[in-house]
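Asks: My structure file final20.cif, mmCIF, C-alpha atoms and all ligand atoms, is below:
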data_protein
loop_
_atom_site.label_atom_id
_atom_site.label_comp_id
_atom_site.auth_asym_id
_atom_site.auth_seq_id
_atom_site.Cartn_x
_atom_site.Cartn_y
_atom_site.Cartn_z
CA MET W 26 -252.02 -146.85 -68.08
CA THR W 27 -252.97 -143.84 -65.99
CA ASP W 28 -252.99 -140.44 -67.65
CA ARG W 29 -250.14 -139.42 -65.43
CA ARG W 30 -247.98 -142.37 -66.51
CA ARG W 31 -248.80 -141.78 -70.15
CA PHE W 32 -247.69 -138.17 -69.93
CA LEU W 33 -244.54 -139.08 -68.05
CA LYS W 34 -243.76 -141.66 -70.71
CA ALA W 35 -244.38 -139.08 -73.43
CA SER W 36 -241.97 -136.72 -71.79
CA VAL W 37 -239.29 -139.39 -71.38
CA LEU W 38 -239.68 -140.41 -75.02
CA GLY W 39 -239.15 -136.79 -75.93
CA MET W 40 -235.78 -136.66 -74.14
CA SER W 41 -234.12 -134.88 -77.04
CA SER W 42 -236.98 -132.42 -77.39
CA PRO W 43 -236.40 -128.73 -76.87
CA ILE W 44 -238.72 -128.94 -73.86
CA LEU W 45 -236.27 -131.06 -71.91
CA ALA W 46 -233.46 -128.89 -73.17
CA TRP W 47 -235.02 -125.88 -71.44
CA ALA W 48 -235.82 -127.95 -68.40
CA GLY W 49 -232.18 -128.91 -67.97
CA LYS W 50 -230.74 -125.57 -68.90
CA LEU W 51 -228.33 -124.38 -66.26
CA THR W 52 -226.74 -121.42 -67.96
CA ALA W 53 -226.16 -118.54 -65.58
CA THR W 54 -227.20 -115.63 -67.75
CA THR W 55 -228.59 -112.40 -66.47
CA SER W 56 -232.28 -112.94 -67.00
CA ALA W 57 -233.14 -109.27 -66.58
CA ARG W 58 -231.08 -108.49 -69.67
CA MET W 59 -232.47 -111.35 -71.70
CA PRO W 60 -234.67 -110.42 -74.62
CA ALA W 61 -238.27 -111.46 -74.18
CA THR W 62 -239.25 -114.48 -76.22
CA SER W 63 -241.93 -114.17 -78.85
CA THR W 64 -242.69 -117.88 -78.57
CA ALA W 65 -245.87 -118.44 -76.63
CA ARG W 66 -245.55 -121.02 -73.86
CA VAL W 67 -247.46 -122.04 -70.75
CA VAL W 68 -246.25 -124.10 -67.79
CA SER W 69 -248.23 -125.50 -64.86
CA THR W 70 -247.65 -127.50 -61.72
CA TRP W 71 -248.52 -131.19 -61.49
CA ASP W 72 -250.13 -133.68 -63.83
CA PHE W 73 -253.44 -131.81 -63.78
CA GLY W 74 -251.47 -128.95 -65.35
CA VAL W 75 -251.59 -130.80 -68.68
CA ALA W 76 -255.34 -130.24 -69.12
CA ALA W 77 -255.05 -126.70 -67.74
CA ASN W 78 -252.30 -125.92 -70.24
CA GLN W 79 -254.47 -127.08 -73.11
CA ALA W 80 -257.21 -124.64 -72.12
CA ALA W 81 -254.60 -121.89 -71.86
CA TRP W 82 -253.16 -122.87 -75.23
CA ALA W 83 -256.56 -122.46 -76.89
CA ILE W 84 -256.01 -118.74 -76.17
CA LEU W 85 -252.24 -118.44 -76.53
CA GLY W 86 -252.18 -120.38 -79.81
CA LYS W 87 -254.44 -117.78 -81.37
CA GLY W 88 -252.28 -114.88 -80.24
CA GLY W 89 -254.37 -114.18 -77.12
CA HIS W 90 -253.25 -112.51 -73.91
CA ALA W 91 -251.26 -114.44 -71.30
CA LEU W 92 -253.62 -113.18 -68.57
CA ASP W 93 -256.68 -114.65 -70.28
CA ALA W 94 -254.74 -117.87 -70.86
CA VAL W 95 -253.76 -118.47 -67.23
CA GLU W 96 -257.26 -117.64 -66.00
CA ALA W 97 -258.84 -120.07 -68.50
CA GLY W 98 -256.29 -122.74 -67.61
CA ALA W 99 -256.76 -122.41 -63.85
CA ARG W 100 -260.52 -122.80 -64.23
CA VAL W 101 -260.06 -126.36 -65.54
CA PRO W 102 -258.93 -128.04 -62.30
CA GLU W 103 -261.25 -125.69 -60.36
CA SER W 104 -264.16 -127.47 -62.07
CA ASP W 105 -262.69 -130.98 -62.00
CA LEU W 106 -264.62 -132.84 -59.32
CA LYS W 107 -261.99 -135.59 -59.23
CA ASN W 108 -259.38 -133.07 -58.23
CA HIS W 109 -259.53 -132.88 -54.43
CA SER W 110 -257.01 -130.10 -53.95
CA VAL W 111 -258.33 -127.34 -56.24
CA GLY W 112 -261.74 -125.68 -56.53
CA LYS W 113 -265.05 -127.53 -56.39
CA GLY W 114 -264.52 -131.06 -55.09
CA GLY W 115 -261.59 -129.89 -52.95
CA TYR W 116 -261.25 -131.45 -49.52
CA PRO W 117 -262.71 -129.28 -46.75
CA ASP W 118 -261.16 -127.90 -43.60
CA ARG W 119 -261.42 -129.87 -40.36
CA ASP W 120 -264.92 -128.48 -39.77
CA GLY W 121 -266.20 -129.49 -43.21
CA HIS W 122 -265.98 -126.12 -45.02
CA VAL W 123 -264.42 -125.98 -48.49
CA THR W 124 -262.41 -122.76 -48.51
CA LEU W 125 -260.45 -121.67 -51.57
CA ASP W 126 -257.37 -119.49 -52.15
CA ALA W 127 -256.33 -117.96 -55.50
CA SER W 128 -254.18 -115.23 -56.99
CA ILE W 129 -253.41 -113.79 -60.40
CA MET W 130 -250.62 -111.45 -61.48
CA ASP W 131 -249.65 -109.58 -64.61
CA ALA W 132 -246.26 -108.48 -65.93
CA ASP W 133 -246.67 -104.87 -64.78
CA GLY W 134 -247.25 -105.78 -61.14
CA SER W 135 -251.05 -105.67 -61.30
CA CYS W 136 -252.42 -108.42 -59.10
CA GLY W 137 -255.49 -109.67 -57.28
CA ALA W 138 -256.28 -112.44 -54.85
CA VAL W 139 -258.95 -114.04 -52.70
CA ALA W 140 -258.37 -116.12 -49.59
CA ALA W 141 -260.62 -118.50 -47.67
CA ILE W 142 -263.49 -117.81 -50.04
CA GLU W 143 -266.42 -120.26 -49.86
CA HIS W 144 -269.23 -121.31 -52.24
CA ILE W 145 -267.64 -119.98 -55.45
CA GLU W 146 -266.40 -122.45 -58.05
CA HIS W 147 -263.88 -120.14 -59.75
CA PRO W 148 -261.87 -118.15 -57.22
CA ILE W 149 -259.30 -117.39 -59.92
CA SER W 150 -261.87 -115.32 -61.80
CA VAL W 151 -262.85 -113.50 -58.61
CA ALA W 152 -259.15 -112.77 -58.02
CA ARG W 153 -258.94 -111.28 -61.50
CA LEU W 154 -261.86 -108.98 -60.76
CA VAL W 155 -260.30 -107.93 -57.45
CA MET W 156 -257.33 -106.85 -59.58
CA GLU W 157 -259.37 -105.14 -62.27
CA ARG W 158 -262.33 -103.65 -60.42
CA THR W 159 -261.21 -102.81 -56.90
CA PRO W 160 -258.46 -100.61 -55.41
CA HIS W 161 -257.30 -103.66 -53.40
CA VAL W 162 -255.12 -106.71 -53.89
CA LEU W 163 -256.61 -109.29 -51.49
CA LEU W 164 -260.16 -109.94 -50.27
CA VAL W 165 -260.83 -112.67 -47.72
CA GLY W 166 -263.67 -114.83 -46.43
CA GLU W 167 -267.10 -113.21 -46.20
CA GLY W 168 -265.94 -110.04 -47.92
CA ALA W 169 -264.54 -111.99 -50.86
CA LEU W 170 -267.83 -113.91 -51.16
CA GLN W 171 -269.84 -110.69 -51.00
CA PHE W 172 -267.72 -109.18 -53.76
CA ALA W 173 -268.07 -112.31 -55.91
CA LEU W 174 -271.85 -112.29 -55.54
CA GLU W 175 -271.97 -108.60 -56.40
CA GLN W 176 -270.03 -109.41 -59.54
CA GLY W 177 -272.57 -112.03 -60.57
CA PHE W 178 -270.86 -115.25 -59.49
CA LYS W 179 -273.22 -118.03 -58.49
CA GLN W 180 -273.23 -119.31 -54.89
CA GLN W 181 -273.06 -123.10 -54.72
CA ASN W 182 -272.16 -126.03 -52.52
CA LEU W 183 -268.53 -127.00 -53.23
CA LEU W 184 -268.48 -130.04 -50.93
CA THR W 185 -269.00 -133.04 -53.21
CA PRO W 186 -270.15 -136.42 -51.88
CA ASP W 187 -266.64 -137.85 -52.45
CA ALA W 188 -264.99 -135.05 -50.51
CA GLU W 189 -267.54 -135.32 -47.72
CA LYS W 190 -266.93 -139.06 -47.50
CA ALA W 191 -263.18 -138.47 -47.27
CA TRP W 192 -263.76 -135.88 -44.54
CA HIS W 193 -265.84 -138.33 -42.47
CA GLU W 194 -263.13 -140.95 -42.95
CA TRP W 195 -260.49 -138.45 -41.78
CA GLN W 196 -262.57 -137.58 -38.72
CA LYS W 197 -262.01 -141.14 -37.41
CA THR W 198 -258.43 -140.17 -36.58
CA ALA W 199 -258.62 -136.38 -37.00
CA HIS W 200 -254.85 -136.36 -37.41
CA TYR W 201 -253.54 -133.39 -39.43
CA GLN W 202 -250.67 -134.62 -41.58
CA PRO W 203 -249.97 -133.09 -45.00
CA SER W 204 -249.02 -135.88 -47.40
CA ILE W 205 -245.71 -135.68 -49.21
CA ASN W 206 -245.98 -138.08 -52.08
CA SER W 207 -247.86 -137.16 -55.23
CA GLU W 208 -247.40 -140.72 -56.56
CA VAL W 209 -250.34 -141.66 -54.36
CA ARG W 210 -252.67 -138.97 -55.66
CA ASP W 211 -256.05 -140.32 -54.66
CA TYR W 212 -258.07 -139.82 -57.82
CA GLY W 213 -260.85 -142.36 -57.58
CA ASN W 214 -259.78 -143.36 -54.13
CA PRO W 215 -261.03 -140.65 -51.83
CA GLY W 216 -261.05 -141.08 -48.14
CA ARG W 217 -257.83 -143.01 -47.82
CA PRO W 218 -256.54 -141.31 -44.69
CA GLY W 219 -252.82 -140.89 -44.20
CA GLY W 220 -251.55 -142.27 -47.50
CA ALA W 221 -253.77 -140.22 -49.78
CA ASN W 222 -252.62 -136.97 -51.26
CA ASN W 223 -254.33 -134.21 -49.35
CA HIS W 224 -253.03 -131.01 -50.93
CA ASP W 225 -251.56 -129.57 -54.18
CA THR W 226 -252.03 -126.37 -56.13
CA ILE W 227 -252.19 -125.44 -59.75
CA GLY W 228 -249.68 -122.68 -60.38
CA MET W 229 -249.47 -121.45 -63.99
CA LEU W 230 -247.12 -119.11 -65.85
CA ALA W 231 -247.67 -118.08 -69.46
CA ILE W 232 -245.88 -115.99 -72.06
CA ASP W 233 -247.93 -114.94 -75.05
CA ALA W 234 -246.86 -114.28 -78.63
CA HIS W 235 -246.26 -110.61 -77.74
CA GLY W 236 -243.85 -111.58 -74.96
CA ARG W 237 -246.28 -110.68 -72.15
CA MET W 238 -246.09 -112.86 -69.05
CA SER W 239 -248.84 -113.56 -66.51
CA GLY W 240 -249.37 -116.06 -63.71
CA ALA W 241 -252.20 -117.67 -61.77
CA CYS W 242 -252.43 -119.92 -58.75
CA THR W 243 -255.48 -121.64 -57.21
CA THR W 244 -256.08 -124.27 -54.54
CA SER W 245 -258.38 -125.58 -51.83
CA GLY W 246 -255.28 -125.61 -49.63
CA MET W 247 -254.40 -128.27 -47.10
CA ALA W 248 -257.15 -130.79 -46.47
CA TRP W 249 -258.41 -130.77 -42.88
CA LYS W 250 -256.73 -127.43 -42.12
CA MET W 251 -257.95 -125.23 -39.27
CA ARG W 252 -260.87 -122.99 -40.11
CA GLY W 253 -259.51 -119.69 -41.39
CA ARG W 254 -256.13 -121.09 -42.42
CA VAL W 255 -254.73 -119.43 -45.53
CA GLY W 256 -251.79 -120.85 -47.45
CA ASP W 257 -249.22 -119.35 -49.79
CA SER W 258 -251.33 -119.43 -52.97
CA PRO W 259 -253.20 -116.11 -52.50
CA ILE W 260 -250.16 -114.33 -51.03
CA ILE W 261 -248.41 -112.38 -53.76
CA GLY W 262 -244.69 -113.11 -53.49
CA ALA W 263 -245.29 -116.44 -51.74
CA GLY W 264 -247.40 -118.67 -54.01
CA LEU W 265 -247.05 -116.49 -57.10
CA TYR W 266 -244.91 -113.67 -58.39
CA VAL W 267 -244.48 -112.19 -61.87
CA ASP W 268 -242.17 -109.39 -62.97
CA GLY W 269 -242.27 -108.67 -66.70
CA GLU W 270 -238.60 -107.61 -66.68
CA VAL W 271 -237.43 -110.94 -65.31
CA GLY W 272 -240.01 -113.75 -65.32
CA GLY W 273 -242.37 -115.50 -62.95
CA ALA W 274 -242.51 -118.19 -60.30
CA THR W 275 -245.17 -120.20 -58.51
CA SER W 276 -245.20 -122.80 -55.79
CA THR W 277 -246.97 -125.84 -54.44
CA GLY W 278 -246.65 -127.77 -51.21
CA VAL W 279 -246.80 -126.77 -47.57
CA GLY W 280 -247.69 -123.11 -47.87
CA GLU W 281 -246.45 -122.17 -44.41
CA GLU W 282 -242.88 -122.93 -45.51
CA VAL W 283 -243.29 -120.94 -48.72
CA ILE W 284 -244.71 -117.93 -46.88
CA ARG W 285 -241.87 -118.00 -44.33
CA ASN W 286 -239.40 -117.62 -47.17
CA ALA W 287 -241.35 -115.33 -49.54
CA GLY W 288 -240.73 -118.18 -51.96
CA SER W 289 -241.91 -117.05 -55.39
CA PHE W 290 -240.57 -113.54 -54.91
CA LEU W 291 -237.24 -115.07 -53.91
CA VAL W 292 -237.14 -117.21 -57.08
CA VAL W 293 -237.82 -114.18 -59.29
CA GLU W 294 -235.21 -112.07 -57.51
CA LEU W 295 -232.65 -114.86 -57.90
CA MET W 296 -233.42 -114.93 -61.63
CA ARG W 297 -232.97 -111.15 -61.69
CA GLN W 298 -229.50 -111.70 -60.23
CA GLY W 299 -228.62 -114.07 -63.05
CA ARG W 300 -229.75 -117.52 -61.95
CA SER W 301 -231.49 -119.77 -64.45
CA PRO W 302 -235.06 -120.77 -63.51
CA HIS W 303 -233.78 -124.18 -62.40
CA GLU W 304 -231.01 -122.71 -60.25
CA ALA W 305 -233.36 -120.15 -58.72
CA CYS W 306 -235.97 -122.79 -57.80
CA LYS W 307 -233.27 -125.03 -56.35
CA GLU W 308 -231.84 -122.23 -54.20
CA ALA W 309 -235.31 -121.31 -52.90
CA VAL W 310 -235.97 -124.96 -51.98
CA MET W 311 -232.59 -125.17 -50.25
CA ARG W 312 -233.42 -122.09 -48.13
CA ILE W 313 -236.39 -124.01 -46.75
CA VAL W 314 -234.47 -127.24 -46.29
CA ASN W 315 -231.43 -125.63 -44.67
CA LYS W 316 -233.51 -123.68 -42.16
CA ARG W 317 -235.53 -126.71 -41.08
CA ARG W 318 -233.55 -129.78 -42.03
CA GLU W 319 -235.44 -132.38 -39.97
CA ALA W 320 -238.91 -130.98 -40.64
CA SER W 321 -238.22 -130.71 -44.35
CA LYS W 322 -237.81 -134.49 -44.62
CA THR W 323 -241.52 -134.97 -44.14
CA ILE W 324 -242.95 -132.17 -46.24
CA GLN W 325 -243.22 -131.31 -49.91
CA VAL W 326 -242.58 -127.90 -51.45
CA GLY W 327 -242.01 -127.37 -55.17
CA PHE W 328 -241.24 -124.26 -57.20
CA LEU W 329 -241.80 -123.75 -60.93
CA ALA W 330 -240.34 -120.76 -62.79
CA MET W 331 -240.09 -119.35 -66.29
CA ASN W 332 -237.94 -116.40 -67.29
CA ARG W 333 -238.85 -113.84 -69.93
CA ALA W 334 -236.76 -115.71 -72.48
CA GLY W 335 -239.07 -118.69 -72.02
CA GLU W 336 -236.60 -120.92 -70.16
CA VAL W 337 -238.32 -123.16 -67.63
CA GLY W 338 -237.06 -124.71 -64.40
CA ALA W 339 -238.39 -126.40 -61.30
CA TYR W 340 -237.16 -127.96 -58.08
CA ALA W 341 -238.82 -129.68 -55.12
CA ILE W 342 -237.97 -131.03 -51.71
CA GLN W 343 -239.41 -134.48 -52.41
CA HIS W 344 -239.35 -136.76 -55.41
CA GLY W 345 -242.70 -136.85 -57.24
CA PHE W 346 -243.26 -133.21 -58.20
CA SER W 347 -243.92 -132.73 -61.92
CA TYR W 348 -244.79 -129.85 -64.20
CA ALA W 349 -246.55 -129.57 -67.52
CA VAL W 350 -245.22 -127.58 -70.48
CA CYS W 351 -247.16 -126.60 -73.57
CA ASP W 352 -246.18 -124.61 -76.65
CA ALA W 353 -246.56 -124.80 -80.41
CA LYS W 354 -244.27 -127.85 -80.59
CA LYS W 355 -245.57 -129.93 -77.71
CA GLN W 356 -248.98 -129.81 -76.12
CA ASP W 357 -248.96 -132.38 -73.34
CA ALA W 358 -245.45 -132.76 -71.94
CA LEU W 359 -245.24 -133.65 -68.27
CA ILE W 360 -241.75 -133.34 -66.83
CA PRO W 361 -240.55 -134.81 -63.53
CA SER W 362 -238.86 -132.20 -61.36
CA GLN W 363 -235.51 -132.75 -59.73
CA SER W 364 -235.63 -132.82 -55.94
CA VAL W 365 -233.52 -132.78 -52.80
CA TYR W 366 -234.63 -136.25 -51.76
CA THR W 367 -234.90 -138.86 -54.46
CA THR W 368 -237.19 -141.19 -52.61
CA SER W 369 -240.29 -140.07 -50.81
CA TYR W 370 -240.65 -140.74 -47.11
CA SER W 371 -244.34 -141.55 -47.17
N1 LIG K 401 -249.56 -124.56 -51.25
C1 LIG K 401 -250.89 -125.02 -50.91
C2 LIG K 401 -251.26 -124.50 -49.54
O1 LIG K 401 -250.43 -124.49 -48.66
C3 LIG K 401 -251.05 -126.49 -50.96
C4 LIG K 401 -250.27 -127.24 -52.00
O2 LIG K 401 -249.93 -126.69 -53.03
O3 LIG K 401 -249.92 -128.40 -51.79
O4 LIG K 401 -252.40 -124.17 -49.34
#
Go ahead and render the structure in this file as structure tokens.

Replies:
Amino acid sequence: MTDRRRFLKASVLGMSSPILAWAGKLTATTSARMPATSTARVVSTWDFGVAANQAAWAILGKGGHALDAVEAGARVPESDLKNHSVGKGGYPDRDGHVTLDASIMDADGSCGAVAAIEHIEHPISVARLVMERTPHVLLVGEGALQFALEQGFKQQNLLTPDAEKAWHEWQKTAHYQPSINSEVRDYGNPGRPGGANNHDTIGMLAIDAHGRMSGACTTSGMAWKMRGRVGDSPIIGAGLYVDGEVGGATSTGVGEEVIRNAGSFLVVELMRQGRSPHEACKEAVMRIVNKRREASKTIQVGFLAMNRAGEVGAYAIQHGFSYAVCDAKKQDALIPSQSVYTTSYS
């Protein structure tokens, strides 16, 4: 049984667990007036969020800061060479360059990001230093690399043999087509053009035992993208947004659609107006779908949100999006998101 199936099974078996109760919660309360929870919790996009959550929990479970937790969690898929959509081992752009995007945000609006950075395994940690040690929010390309090197990060080759092989395979058709079905994630099967999953992001949101919320988001973006393309993940308000008074949101999927709709900011503002995390994510997805009904049938976008009370919700365009939840009661829950379309088109 694959890890993914095992986690899905675990989450289905836990149907009566509080985790699914939050996931299904549709109460329309005014999130901004909700008291902050003192129960630590971390949520992440996709099946690889399970391992990321565990690294975050090692900090949260000891009373650590949410910001440290999301950074530690995001570093896990960044180092996973089997993960071809985040960090080292990520699929390159159409010219063979692995370029990474990442952002991090704290409850008080502090934030930092890097876009199209090359040769650095942990862009999330560089993003954190942009936030903490520069007067800026976003550094890109060469400048981001220069900053990382100045801060002591090691320059390395991020293009693994597997990813290079997949790139050469893709070059046979050189057809740019973001995949839409995570069921065919190509762990162990790189280079399957067309059917293989060729993008996905880890977006994480954590609340610590003191009620502080932080978020992180990191990705290698869309495989075979144009050189210089930047997605939603490093754009504050698109791929990630956190407001300590309300909650946070993060996204995965075709970043262009998320940027067009200021997706994560929209989800947080909808929660501020009283929507539950689930309702807010659904409305943000429907904005995308309603503006581009035909195009939306062949793309994936998913949002994940948590309000300051610790309620969690998600919604996606396509079937197949999942999110991982971890707290003191459950460490490895993987929950399938609801979606607009129940069967994938791929
Ligand atoms: N949102 C990412 C990007 O557009 C990719 C993904 O999450 O699927 O770069």

Asks: Would you compute the distance between atom CA of Gly246 of chain W and atom CA of Ile227 of chain W? Give it in Å to one decimal.

Replies: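 One can read the atom CA of Gly246 of chain W to atom CA of Ile227 of chain W distance as 10.6 Å.
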
Asks: Pick from W:Ala132, W:Leu170, W:Ala81, W:Leu329: nearest to ligand LIG 401 (chain K), with only C-alpha atoms and all ligand atoms counted?

Replies: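 Going through W:Ala132, W:Leu170, W:Ala81, W:Leu329 one by one, the smallest distance to ligand LIG 401 (chain K) is for W:Leu329.
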
Asks: Specify the axis-aligned box that encloses all atoms of ligand LIG 401 (chain K) listed in the file after padding of 3 Å on each side, stating its centre and edge lengths in Å to one decimal as AutoDock Vina command-line options.

Replies:
--center_x -251.0 --center_y -126.3 --center_z -50.8 --size_x 8.8 --size_y 10.2 --size_z 10.4

Asks: Go ahead and compute the interatomic distance for atom CA of Ala91 of chain W and atom CA of Asp233 of chain W, in Å to one decimal.

Replies: 5.0 Å

Asks: Report as a PyMOL selection string which protein, DNA and RNA residues come within 10 Å of ligand LIG 401 (chain K), using only C-alpha atoms and all ligand atoms.

Replies: chain W and resi 70-71+110-111+125-127+203-205+207+222-228+242-248+250+254-259+263-264+275-284+324-328

Asks: Measure the distance from atom CA of Asp120 of chain W to atom CA of Leu163 of chain W in Å and round it to one decimal.

Replies: 24.0 Å
